[in-house]
Amino acid sequence: MASPDRWPEIRGIAYGGDYTPEQWPREVWREDVALMRVAGVNLVSVGIFTWALLETREGVFDFAWLDELLDLLHENGIAVDLGTPTASPPAWFFAEHPDARVVTRDGVTMGFGARGMASHSSPAYHAAIVRIASALAERYGSHPAVVMWHVHNEYGVPVGEDYSDHSVRAFRVWLREKYVSLEALNTAWGTTFWGQHYGEWDHIGAPAAAPSVVNPAQRLDFARFTDHQLRACFRAERDAIRAHAPQPVTTNFMANQSWTTDLWAWAGEVDIVSDDHYLWAADPEGEIGLAIAADLSRSVGGGKPWILMEHSTSAVNWQPRNVAKRPGELARNSLSHLARGADAILFFQWRASRSGAEKFHSAMIPHAGTSSRVWREVVELGAALGRLDEVRGARVAADVAILWDFESFWAQDLEWRPSVELSHAERIRTFYERLWRDGITVDFALPGHDLSSYKLVIAPAQYLLSADDAAKLTRYVEAGGTLVVSFFSAIVDENDAVHPGGFVAPLREALGVVVEEFLPLREGARHAVRWDGSTSATLVADAWQEDLVLDGADVLATHVDGPGARKAAVTRHAHGTGHGWYISTRLDAAGLRTVMSDVYADAGLSPSGLPDGLELVVRRGDGADYAIAINHRDDDVPLAVSGVELLSAQDVDGELVVPAGGVAVVRTPLPHSGGGGSAKSGNP
Ligand code: GLA
């Protein structure tokens, strides 16, 4: 059966969450569906951790309870995202196949009693996942409640890499396919270093813990292999489903919270992208990390619909300090996802579990029941989303792309790098945060993508860059693009081998610089940077300086002190009809404000002019724009906009006040369609 690649049959914006009725008696099921109707829930994910209930022994199925549940949901107009339960194989599976258990890098064989898949390379696990997925699809492929399929749960979490014998054997097969000859593998891995040369395929192992640092190229290939094996598991289930069922298939990603899977490749395999996002409680501005995850989910899909599969109504239970969401935060978080393209807002989970490891996790129905603030906000949100049907499918357009490359992250995260301060997550967040505060919407992209539609491309952490991709970025600049490259980019090729000719050499033409030597700073050291661009200022930076050699670039900032004193810190180079910027030190988001304002001028971009903390994103529909505003501030903010505010159904003529902590969705006619409305961002 062909991939449907379409939105499931659900009305409007989907609303609901993970539903685990298997934890509750039947009378609670009836109360649940009644309350779902009160809350406006129209989609629930079921069955995700129910393998032991569905297949009680190998090949022996009990579908009676699920038949009853799906019928009940359907009778109440609630659609189902049906899970395959393969993220938690039953006890009988591990008892019969002890060799299918995951082995850690340190050689520990994982026990039973939690959750987490078996070895991705175990033949018994493969057979078992195809059996259960096929049985479910055969039985429920034509059930009217089922509108989509939810394969597995968060591939790569809690276990991704596996060092079992099955995995080692599969790794050798994968390597033979990739390299064909041992000579090619030895060259790519640089095995002359520390005498690691291989004479037999069977001598190659997984990069398990060893007396010292294991060959980084081997580890990078093992990360690629792990991603490949996990995807093979997904494909096996998806294809088993497609053989019997027509509904779209997804699996829930963890964009920006797990790096084990290459979501660019995964998004090509699913019909609908779905993401789970949880705020990082230690971050007082978690909404910025949320926006990164949402923009990444949209970007990897490349135009496919995407849904927020899970987030929390309040606190989670797995962080060191699980901070509860404050009044209104649930709606703000939900609307931020929606603003960035999500067409479904779902939670983990519907009803809080009384037992088990997640009993302190919030839910749509908390332990306090329906006489609670959280429940009231859940009902309010359901009503609000019910007024936004027309927003579904409206697109988000961005003028800026930030490079996000999982392979580069895998390589950079290995040991023995020049400084522990070199974090791709930190650099991406800092650049993204600057753009978020400036009200500029961002896509994420790979360096090899066609970037020609973007006015500005930022490479905050492109440690691994192939010569081919460097040539593409160079052509992007030549053709008039503005490229900003941050330090520790374009350092190694696809085998984690240093590019010859000095660091950043593959981008020398585009940037007009090359790095002779890294000058990492001691912990806590801060230094001054003299900025002489269109304005003059002294900026503060830390962690990193470089001995930068100019090859045509203009110097816009200079290190005042530190080992790089008097050397160039920020440069700009005219190449073709575009400009290549290089920032060789760690400026914070405030320091970047000054530099980026000149970058924006090169790229023809303008900040929104809105006060910091007023998030505004526009979705473009067929006949109208939707300006979605989320006010994270403690004061009301006036917004220059005209149209109809959909949550209140009020006309807006020129100015809308977005209340402190509040949200608004304004339909504004498209500029060319007449009608007098406008979707300007900015203060009146
Ligand atoms: C993940 C899982 C859920 C649940 C939540 C808790 O996203 O998919 O099953 O464990 O975390 O936050």
# chains A, B, ... in the order shown; residues from 1 in each chain; ligands from 1
call {"tool": "residues_around", "arguments": {"residues": "range 78-82 of chain A", "least_positions_apart": "3", "cutoff": "9 Å", "atoms": "only C-alpha atoms", "output": "list in words"}}
result
Glu9, Ile10, Asp18, Val33, Met36, Arg37, Val41, Asn42, Leu43, Val44, Ser45, Val46, Gly47, Ile48, Leu70, Leu72, Leu73, His74, Glu75, Leu136, Tyr140, Pro144, Ala145, Val146, Val147, Met148, Trp149, His150 and Val151 of chain A
call {"tool": "write_last_selection", "arguments": {"atoms": "N, CA and C atoms", "output": "PDB file, in the first residue's frame"}}
result
ATOM      1  N   GLU A   9      -7.775  11.665   9.284  1.00  0.00           N
ATOM      2  CA  GLU A   9      -9.158  12.156   9.239  1.00  0.00           C
ATOM      3  C   GLU A   9      -9.609  12.637  10.608  1.00  0.00           C
ATOM      4  N   ILE A  10      -9.210  13.845  10.943  1.00  0.00           N
ATOM      5  CA  ILE A  10      -9.610  14.467  12.201  1.00  0.00           C
ATOM      6  C   ILE A  10     -10.041  15.882  11.851  1.00  0.00           C
ATOM      7  N   ASP A  18      -1.728  11.052  25.162  1.00  0.00           N
ATOM      8  CA  ASP A  18      -1.540   9.616  25.391  1.00  0.00           C
ATOM      9  C   ASP A  18      -2.620   9.158  26.365  1.00  0.00           C
ATOM     10  N   VAL A  33     -14.103   9.116  28.720  1.00  0.00           N
ATOM     11  CA  VAL A  33     -14.617   9.603  27.429  1.00  0.00           C
ATOM     12  C   VAL A  33     -15.585  10.760  27.634  1.00  0.00           C
ATOM     13  N   MET A  36     -13.395  13.683  28.132  1.00  0.00           N
ATOM     14  CA  MET A  36     -12.726  14.057  26.876  1.00  0.00           C
ATOM     15  C   MET A  36     -13.647  14.946  26.048  1.00  0.00           C
ATOM     16  N   ARG A  37     -14.907  14.620  26.077  1.00  0.00           N
ATOM     17  CA  ARG A  37     -15.862  15.447  25.314  1.00  0.00           C
ATOM     18  C   ARG A  37     -15.957  16.836  25.929  1.00  0.00           C
ATOM     19  N   VAL A  41     -11.453  17.017  23.448  1.00  0.00           N
ATOM     20  CA  VAL A  41     -10.431  16.083  22.942  1.00  0.00           C
ATOM     21  C   VAL A  41     -10.981  15.352  21.723  1.00  0.00           C
ATOM     22  N   ASN A  42     -10.178  15.326  20.652  1.00  0.00           N
ATOM     23  CA  ASN A  42     -10.621  14.587  19.462  1.00  0.00           C
ATOM     24  C   ASN A  42      -9.611  13.558  18.975  1.00  0.00           C
ATOM     25  N   LEU A  43      -8.491  13.423  19.684  1.00  0.00           N
ATOM     26  CA  LEU A  43      -7.491  12.419  19.276  1.00  0.00           C
ATOM     27  C   LEU A  43      -6.744  11.916  20.505  1.00  0.00           C
ATOM     28  N   VAL A  44      -6.657  10.592  20.641  1.00  0.00           N
ATOM     29  CA  VAL A  44      -5.836  10.030  21.725  1.00  0.00           C
ATOM     30  C   VAL A  44      -4.921   8.950  21.160  1.00  0.00           C
ATOM     31  N   SER A  45      -3.733   8.841  21.760  1.00  0.00           N
ATOM     32  CA  SER A  45      -2.792   7.782  21.380  1.00  0.00           C
ATOM     33  C   SER A  45      -2.963   6.641  22.360  1.00  0.00           C
ATOM     34  N   VAL A  46      -3.218   5.459  21.852  1.00  0.00           N
ATOM     35  CA  VAL A  46      -3.428   4.333  22.771  1.00  0.00           C
ATOM     36  C   VAL A  46      -2.537   3.151  22.403  1.00  0.00           C
ATOM     37  N   GLY A  47      -2.301   2.321  23.403  1.00  0.00           N
ATOM     38  CA  GLY A  47      -1.633   1.036  23.175  1.00  0.00           C
ATOM     39  C   GLY A  47      -0.115   1.069  23.211  1.00  0.00           C
ATOM     40  N   ILE A  48       0.483   2.225  23.517  1.00  0.00           N
ATOM     41  CA  ILE A  48       1.924   2.379  23.296  1.00  0.00           C
ATOM     42  C   ILE A  48       2.764   1.418  24.162  1.00  0.00           C
ATOM     43  N   LEU A  70     -11.589   0.783  21.549  1.00  0.00           N
ATOM     44  CA  LEU A  70     -11.700   1.526  20.289  1.00  0.00           C
ATOM     45  C   LEU A  70     -13.167   1.789  19.945  1.00  0.00           C
ATOM     46  N   LEU A  72     -15.595   2.126  22.106  1.00  0.00           N
ATOM     47  CA  LEU A  72     -16.064   3.162  23.035  1.00  0.00           C
ATOM     48  C   LEU A  72     -15.615   4.556  22.563  1.00  0.00           C
ATOM     49  N   LEU A  73     -14.360   4.659  22.170  1.00  0.00           N
ATOM     50  CA  LEU A  73     -13.847   5.957  21.722  1.00  0.00           C
ATOM     51  C   LEU A  73     -14.581   6.396  20.456  1.00  0.00           C
ATOM     52  N   HIS A  74     -14.767   5.460  19.565  1.00  0.00           N
ATOM     53  CA  HIS A  74     -15.427   5.817  18.303  1.00  0.00           C
ATOM     54  C   HIS A  74     -16.861   6.285  18.550  1.00  0.00           C
ATOM     55  N   GLU A  75     -17.565   5.556  19.407  1.00  0.00           N
ATOM     56  CA  GLU A  75     -18.951   5.952  19.715  1.00  0.00           C
ATOM     57  C   GLU A  75     -19.003   7.374  20.263  1.00  0.00           C
ATOM     58  N   LEU A 136      -1.835  -6.098  14.678  1.00  0.00           N
ATOM     59  CA  LEU A 136      -2.624  -4.899  14.990  1.00  0.00           C
ATOM     60  C   LEU A 136      -3.205  -4.275  13.724  1.00  0.00           C
ATOM     61  N   TYR A 140      -7.063  -3.801  13.024  1.00  0.00           N
ATOM     62  CA  TYR A 140      -7.640  -2.464  13.205  1.00  0.00           C
ATOM     63  C   TYR A 140      -7.464  -1.537  11.991  1.00  0.00           C
ATOM     64  N   PRO A 144     -13.061   2.181  12.287  1.00  0.00           N
ATOM     65  CA  PRO A 144     -13.335   3.601  12.000  1.00  0.00           C
ATOM     66  C   PRO A 144     -12.713   4.569  12.999  1.00  0.00           C
ATOM     67  N   ALA A 145     -12.333   4.105  14.181  1.00  0.00           N
ATOM     68  CA  ALA A 145     -11.721   5.024  15.151  1.00  0.00           C
ATOM     69  C   ALA A 145     -10.272   5.343  14.790  1.00  0.00           C
ATOM     70  N   VAL A 146      -9.618   4.419  14.101  1.00  0.00           N
ATOM     71  CA  VAL A 146      -8.167   4.558  13.909  1.00  0.00           C
ATOM     72  C   VAL A 146      -7.879   5.478  12.729  1.00  0.00           C
ATOM     73  N   VAL A 147      -7.229   6.612  13.021  1.00  0.00           N
ATOM     74  CA  VAL A 147      -6.936   7.580  11.955  1.00  0.00           C
ATOM     75  C   VAL A 147      -5.444   7.682  11.659  1.00  0.00           C
ATOM     76  N   MET A 148      -4.624   7.158  12.559  1.00  0.00           N
ATOM     77  CA  MET A 148      -3.192   7.142  12.268  1.00  0.00           C
ATOM     78  C   MET A 148      -2.513   6.109  13.151  1.00  0.00           C
ATOM     79  N   TRP A 149      -1.259   5.821  12.807  1.00  0.00           N
ATOM     80  CA  TRP A 149      -0.477   4.821  13.533  1.00  0.00           C
ATOM     81  C   TRP A 149       0.741   5.482  14.156  1.00  0.00           C
ATOM     82  N   HIS A 150       1.023   5.045  15.362  1.00  0.00           N
ATOM     83  CA  HIS A 150       2.117   5.593  16.171  1.00  0.00           C
ATOM     84  C   HIS A 150       3.075   4.434  16.408  1.00  0.00           C
ATOM     85  N   VAL A 151       4.102   4.349  15.613  1.00  0.00           N
ATOM     86  CA  VAL A 151       5.021   3.221  15.731  1.00  0.00           C
ATOM     87  C   VAL A 151       5.993   3.467  16.877  1.00  0.00           C
TER      88      VAL A 151
END
call {"tool": "residues_near_ligand", "arguments": {"ligand": "ligand 1", "cutoff": "6 Å", "atoms": "only C-alpha atoms and all ligand atoms", "output": "VMD selection string"}}
result
chain A and resid 153 to 154 276 316 348
call {"tool": "write_last_selection", "arguments": {"atoms": "C-alpha atoms", "output": "mmCIF file, in the first residue's frame"}}
result
data_model
loop_
_atom_site.group_PDB
_atom_site.id
_atom_site.type_symbol
_atom_site.label_atom_id
_atom_site.label_comp_id
_atom_site.auth_asym_id
_atom_site.auth_seq_id
_atom_site.Cartn_x
_atom_site.Cartn_y
_atom_site.Cartn_z
ATOM 1 C CA ASN A 153 8.029 5.367 21.147
ATOM 2 C CA GLU A 154 10.943 7.783 20.842
ATOM 3 C CA ASP A 276 7.563 15.227 21.913
ATOM 4 C CA VAL A 316 7.421 16.399 34.480
ATOM 5 C CA PHE A 348 1.527 13.053 27.879
#
call {"tool": "closest_residue", "arguments": {"among": "A:Leu66, A:Val391, A:Val378, A:Val663", "to": "Ile13 in chain A", "atoms": "only C-alpha atoms"}}
result
A:Val391
call {"tool": "residues_around", "arguments": {"residues": "Arg530 in chain A", "least_positions_apart": "2", "cutoff": "9 Å", "atoms": "only C-alpha atoms", "output": "tab-separated table (two decimals) with N, CA, C and O atoms, in the first residue's frame"}}
result
chain	number	residue	atom	x	y	z
A	528	ALA	N	37.78	41.13	26.36
A	528	ALA	CA	37.09	42.22	25.66
A	528	ALA	C	37.34	42.13	24.16
A	528	ALA	O	38.42	41.72	23.71
A	532	ASP	N	34.22	47.52	15.69
A	532	ASP	CA	34.20	48.73	14.86
A	532	ASP	C	33.49	48.43	13.56
A	532	ASP	O	34.10	48.42	12.49
A	536	SER	N	30.47	51.54	17.11
A	536	SER	CA	31.66	51.12	17.86
A	536	SER	C	31.23	50.73	19.26
A	536	SER	O	30.35	51.36	19.85
A	537	ALA	N	31.83	49.67	19.77
A	537	ALA	CA	31.45	49.19	21.10
A	537	ALA	C	32.51	48.24	21.61
A	537	ALA	O	33.33	47.73	20.85
A	538	THR	N	32.47	48.01	22.93
A	538	THR	CA	33.32	46.96	23.48
A	538	THR	C	32.41	45.81	23.90
A	538	THR	O	31.47	45.99	24.69
A	539	LEU	N	32.65	44.64	23.35
A	539	LEU	CA	31.84	43.47	23.64
A	539	LEU	C	32.62	42.54	24.57
A	539	LEU	O	33.85	42.63	24.66
A	540	VAL	N	31.88	41.67	25.24
A	540	VAL	CA	32.54	40.72	26.15
A	540	VAL	C	32.38	39.32	25.57
A	540	VAL	O	31.32	38.95	25.07
A	556	LEU	N	36.26	43.50	11.46
A	556	LEU	CA	35.26	44.37	12.08
A	556	LEU	C	35.38	44.38	13.60
A	556	LEU	O	34.81	45.25	14.26
A	557	ALA	N	36.06	43.38	14.15
A	557	ALA	CA	36.26	43.37	15.61
A	557	ALA	C	37.61	42.73	15.91
A	557	ALA	O	38.06	41.84	15.19
A	558	THR	N	38.21	43.20	17.01
A	558	THR	CA	39.57	42.77	17.37
A	558	THR	C	39.58	42.38	18.84
A	558	THR	O	38.93	43.03	19.67
A	559	HIS	N	40.34	41.34	19.19
A	559	HIS	CA	40.50	40.98	20.60
A	559	HIS	C	41.35	42.04	21.29
A	559	HIS	O	42.42	42.39	20.81
A	560	VAL	N	40.87	42.53	22.42
A	560	VAL	CA	41.61	43.55	23.17
A	560	VAL	C	42.66	42.89	24.05
A	560	VAL	O	43.79	43.35	24.17
A	569	ALA	N	38.81	39.26	15.51
A	569	ALA	CA	37.80	38.45	16.22
A	569	ALA	C	36.57	38.23	15.35
A	569	ALA	O	35.97	37.16	15.38
call {"tool": "select_by_dssp", "arguments": {"residues": "range 221-306 of chain A", "states": "strand (DSSP E or B)", "output": "ChimeraX atom specification"}}
result
/A:249-250,252-253,273-276,306
call {"tool": "atom_distance", "arguments": {"atom1": "CA of Thr104 in chain A", "atom2": "CA of Val213 in chain A"}}
result
16.6 Å
call {"tool": "atom_distance", "arguments": {"atom1": "CA of His449 in chain A", "atom2": "CA of Trp264 in chain A"}}
result
10.9 Å
call {"tool": "select_by_dssp", "arguments": {"residues": "range 261-340 of chain A", "states": "alpha helix (DSSP H)", "output": "JSON, numbers by chain"}}
result
{"A": [263, 264, 265, 266, 267, 286, 287, 288, 289, 290, 291, 292, 293, 294, 295, 296, 297, 298, 299, 300, 301, 329, 330, 331, 332, 333, 334, 335, 336, 337, 338, 339]}
call {"tool": "residues_around", "arguments": {"residues": "Ile241 in chain A", "least_positions_apart": "3", "cutoff": "9 Å", "atoms": "only C-alpha atoms", "output": "ChimeraX atom specification"}}
result
/A:130,133-138,141,149,236-238,244-247,249
call {"tool": "write_last_selection", "arguments": {"atoms": "N, CA, C and O atoms", "output": "compact mmCIF listing (two decimals), in the first residue's frame"}}
result
# COMPACT_ATOMS: atom_id res chain seq x y z
N VAL A 130 7.49 -7.28 13.86
CA VAL A 130 6.70 -7.42 12.63
C VAL A 130 5.41 -8.20 12.94
O VAL A 130 4.33 -7.85 12.46
N ALA A 133 3.03 -5.81 14.98
CA ALA A 133 2.55 -4.69 14.14
C ALA A 133 1.58 -5.20 13.08
O ALA A 133 0.54 -4.58 12.82
N SER A 134 1.90 -6.35 12.48
CA SER A 134 1.01 -6.92 11.46
C SER A 134 -0.33 -7.30 12.07
O SER A 134 -1.39 -7.03 11.48
N ALA A 135 -0.28 -7.92 13.24
CA ALA A 135 -1.53 -8.37 13.87
C ALA A 135 -2.42 -7.16 14.18
O ALA A 135 -3.63 -7.20 13.94
N LEU A 136 -1.84 -6.10 14.68
CA LEU A 136 -2.62 -4.90 14.99
C LEU A 136 -3.21 -4.28 13.72
O LEU A 136 -4.38 -3.90 13.68
N ALA A 137 -2.35 -4.18 12.69
CA ALA A 137 -2.82 -3.53 11.46
C ALA A 137 -3.91 -4.34 10.79
O ALA A 137 -4.88 -3.79 10.26
N GLU A 138 -3.75 -5.66 10.83
CA GLU A 138 -4.76 -6.53 10.21
C GLU A 138 -6.10 -6.37 10.93
O GLU A 138 -7.15 -6.27 10.32
N GLY A 141 -6.91 -2.07 10.90
CA GLY A 141 -6.68 -1.23 9.71
C GLY A 141 -7.96 -0.62 9.17
O GLY A 141 -7.93 0.44 8.55
N TRP A 149 -1.26 5.82 12.81
CA TRP A 149 -0.48 4.82 13.53
C TRP A 149 0.74 5.48 14.16
O TRP A 149 1.41 6.30 13.53
N ALA A 236 10.48 -1.67 9.29
CA ALA A 236 9.88 -3.02 9.32
C ALA A 236 8.44 -2.92 9.85
O ALA A 236 7.51 -3.52 9.30
N GLU A 237 8.26 -2.14 10.91
CA GLU A 237 6.90 -1.99 11.47
C GLU A 237 5.99 -1.20 10.53
O GLU A 237 4.84 -1.56 10.30
N ARG A 238 6.54 -0.12 10.02
CA ARG A 238 5.72 0.73 9.12
C ARG A 238 5.23 -0.07 7.92
O ARG A 238 4.06 -0.01 7.55
N HIS A 244 -1.51 -3.70 5.56
CA HIS A 244 -2.90 -3.99 5.95
C HIS A 244 -3.74 -2.75 6.21
O HIS A 244 -4.96 -2.87 6.35
N ALA A 245 -3.12 -1.60 6.35
CA ALA A 245 -3.87 -0.44 6.86
C ALA A 245 -3.55 0.81 6.03
O ALA A 245 -2.39 1.04 5.69
N PRO A 246 -4.55 1.61 5.72
CA PRO A 246 -4.33 2.78 4.86
C PRO A 246 -3.96 4.07 5.59
O PRO A 246 -3.57 5.04 4.97
N GLN A 247 -4.06 4.09 6.93
CA GLN A 247 -3.88 5.37 7.65
C GLN A 247 -2.40 5.79 7.65
O GLN A 247 -1.51 4.96 7.55
N VAL A 249 1.28 6.94 8.94
CA VAL A 249 2.12 6.35 9.99
C VAL A 249 3.12 7.39 10.47
O VAL A 249 3.74 8.08 9.67
call {"tool": "closest_residue", "arguments": {"among": "A:Tyr626, A:Trp416, A:Tyr125, A:Phe253", "to": "Gly643 in chain A", "atoms": "only C-alpha atoms"}}
result
A:Tyr626
call {"tool": "residues_around", "arguments": {"residues": "Arg593 in chain A", "least_positions_apart": "3", "cutoff": "12 Å", "atoms": "only C-alpha atoms", "output": "list in words"}}
result
Thr430, Phe431, Tyr432, Glu433, Arg434, Leu435, Trp436, Arg437, Asp438, Trp531, Thr535, Ala537, Leu539, Val540, Leu587, Asp588, Ala589, Ala590, Met596, Ser597, Asp598, Val599, Tyr600 and Pro607 of chain A
call {"tool": "residues_around", "arguments": {"residues": "range 297-304 of chain A", "least_positions_apart": "4", "cutoff": "6 Å", "atoms": "only C-alpha atoms", "output": "list in words"}}
result
Trp264, Ala267, Asp443 and Phe444 of chain A
call {"tool": "write_last_selection", "arguments": {"atoms": "N, CA, C and O atoms", "output": "mmCIF file, in the first residue's frame"}}
result
data_model
loop_
_atom_site.group_PDB
_atom_site.id
_atom_site.type_symbol
_atom_site.label_atom_id
_atom_site.label_comp_id
_atom_site.auth_asym_id
_atom_site.auth_seq_id
_atom_site.Cartn_x
_atom_site.Cartn_y
_atom_site.Cartn_z
ATOM 1 N N TRP A 264 16.588 14.242 9.951
ATOM 2 C CA TRP A 264 16.412 14.563 8.515
ATOM 3 C C TRP A 264 16.094 13.287 7.757
ATOM 4 O O TRP A 264 15.219 13.260 6.890
ATOM 5 N N ALA A 267 12.551 11.812 8.968
ATOM 6 C CA ALA A 267 11.362 12.521 8.497
ATOM 7 C C ALA A 267 10.962 12.055 7.100
ATOM 8 O O ALA A 267 9.789 12.090 6.735
ATOM 9 N N ASP A 443 14.222 28.699 10.001
ATOM 10 C CA ASP A 443 14.185 27.280 9.643
ATOM 11 C C ASP A 443 15.523 26.671 10.038
ATOM 12 O O ASP A 443 16.522 27.396 10.140
ATOM 13 N N PHE A 444 15.546 25.364 10.184
ATOM 14 C CA PHE A 444 16.831 24.667 10.293
ATOM 15 C C PHE A 444 17.094 23.959 8.972
ATOM 16 O O PHE A 444 16.164 23.642 8.223
#
call {"tool": "residues_around", "arguments": {"residues": "Arg231 in chain A", "least_positions_apart": "6", "cutoff": "9 Å", "atoms": "only C-alpha atoms", "output": "mmCIF file with N, CA and C atoms, in the first residue's frame"}}
result
data_model
loop_
_atom_site.group_PDB
_atom_site.id
_atom_site.type_symbol
_atom_site.label_atom_id
_atom_site.label_comp_id
_atom_site.auth_asym_id
_atom_site.auth_seq_id
_atom_site.Cartn_x
_atom_site.Cartn_y
_atom_site.Cartn_z
ATOM 1 N N TYR A 155 12.325 6.483 19.349
ATOM 2 C CA TYR A 155 13.499 5.668 18.996
ATOM 3 C C TYR A 155 14.777 6.341 19.500
ATOM 4 N N THR A 261 19.188 10.060 16.804
ATOM 5 C CA THR A 261 18.615 9.740 15.500
ATOM 6 C C THR A 261 18.726 10.952 14.583
ATOM 7 N N ALA A 265 16.815 12.219 8.083
ATOM 8 C CA ALA A 265 16.576 10.942 7.404
ATOM 9 C C ALA A 265 15.255 10.331 7.867
ATOM 10 N N TRP A 266 14.962 10.441 9.151
ATOM 11 C CA TRP A 266 13.739 9.846 9.696
ATOM 12 C C TRP A 266 12.485 10.511 9.128
ATOM 13 N N GLU A 269 10.900 9.087 6.225
ATOM 14 C CA GLU A 269 10.288 7.757 6.347
ATOM 15 C C GLU A 269 8.854 7.809 6.866
#
call {"tool": "closest_residue", "arguments": {"among": "A:His499, A:Arg373, A:Arg395, A:His527", "to": "Ala627 in chain A", "atoms": "only C-alpha atoms"}}
result
A:Arg395
call {"tool": "closest_residue", "arguments": {"among": "A:Ala510, A:Ala459, A:Leu338, A:Ala490", "to": "Asp551 in chain A", "atoms": "only C-alpha atoms"}}
result
A:Ala510
call {"tool": "closest_residue", "arguments": {"among": "A:Trp24, A:Phe518, A:Trp7, A:Tyr278", "to": "Arg351 in chain A", "atoms": "only C-alpha atoms"}}
result
A:Trp24
call {"tool": "decode", "arguments": {"residues": "range 389-408 of chain A", "atoms": "C-alpha atoms", "output": "PDB file, in the first residue's frame"}}
result
ATOM      1  CA  ASP A 389      -9.811  24.917  12.621  1.00  0.00           C
ATOM      2  CA  GLU A 390      -8.998  27.210   9.711  1.00  0.00           C
ATOM      3  CA  VAL A 391      -5.353  27.564  10.797  1.00  0.00           C
ATOM      4  CA  ARG A 392      -4.656  23.909  10.033  1.00  0.00           C
ATOM      5  CA  GLY A 393      -2.294  23.492   7.098  1.00  0.00           C
ATOM      6  CA  ALA A 394      -1.242  27.170   7.059  1.00  0.00           C
ATOM      7  CA  ARG A 395       2.495  27.441   6.341  1.00  0.00           C
ATOM      8  CA  VAL A 396       5.356  29.114   8.177  1.00  0.00           C
ATOM      9  CA  ALA A 397       7.906  30.903   5.994  1.00  0.00           C
ATOM     10  CA  ALA A 398      11.402  31.854   7.174  1.00  0.00           C
ATOM     11  CA  ASP A 399      14.119  34.053   5.671  1.00  0.00           C
ATOM     12  CA  VAL A 400      16.874  32.622   7.858  1.00  0.00           C
ATOM     13  CA  ALA A 401      18.287  29.114   8.091  1.00  0.00           C
ATOM     14  CA  ILE A 402      20.444  27.815  10.924  1.00  0.00           C
ATOM     15  CA  LEU A 403      22.475  24.718  10.077  1.00  0.00           C
ATOM     16  CA  TRP A 404      21.599  21.689  12.177  1.00  0.00           C
ATOM     17  CA  ASP A 405      23.498  18.528  11.350  1.00  0.00           C
ATOM     18  CA  PHE A 406      23.248  15.438  13.556  1.00  0.00           C
ATOM     19  CA  GLU A 407      26.352  13.807  12.023  1.00  0.00           C
ATOM     20  CA  SER A 408      28.376  16.857  12.917  1.00  0.00           C
TER      21      SER A 408
END
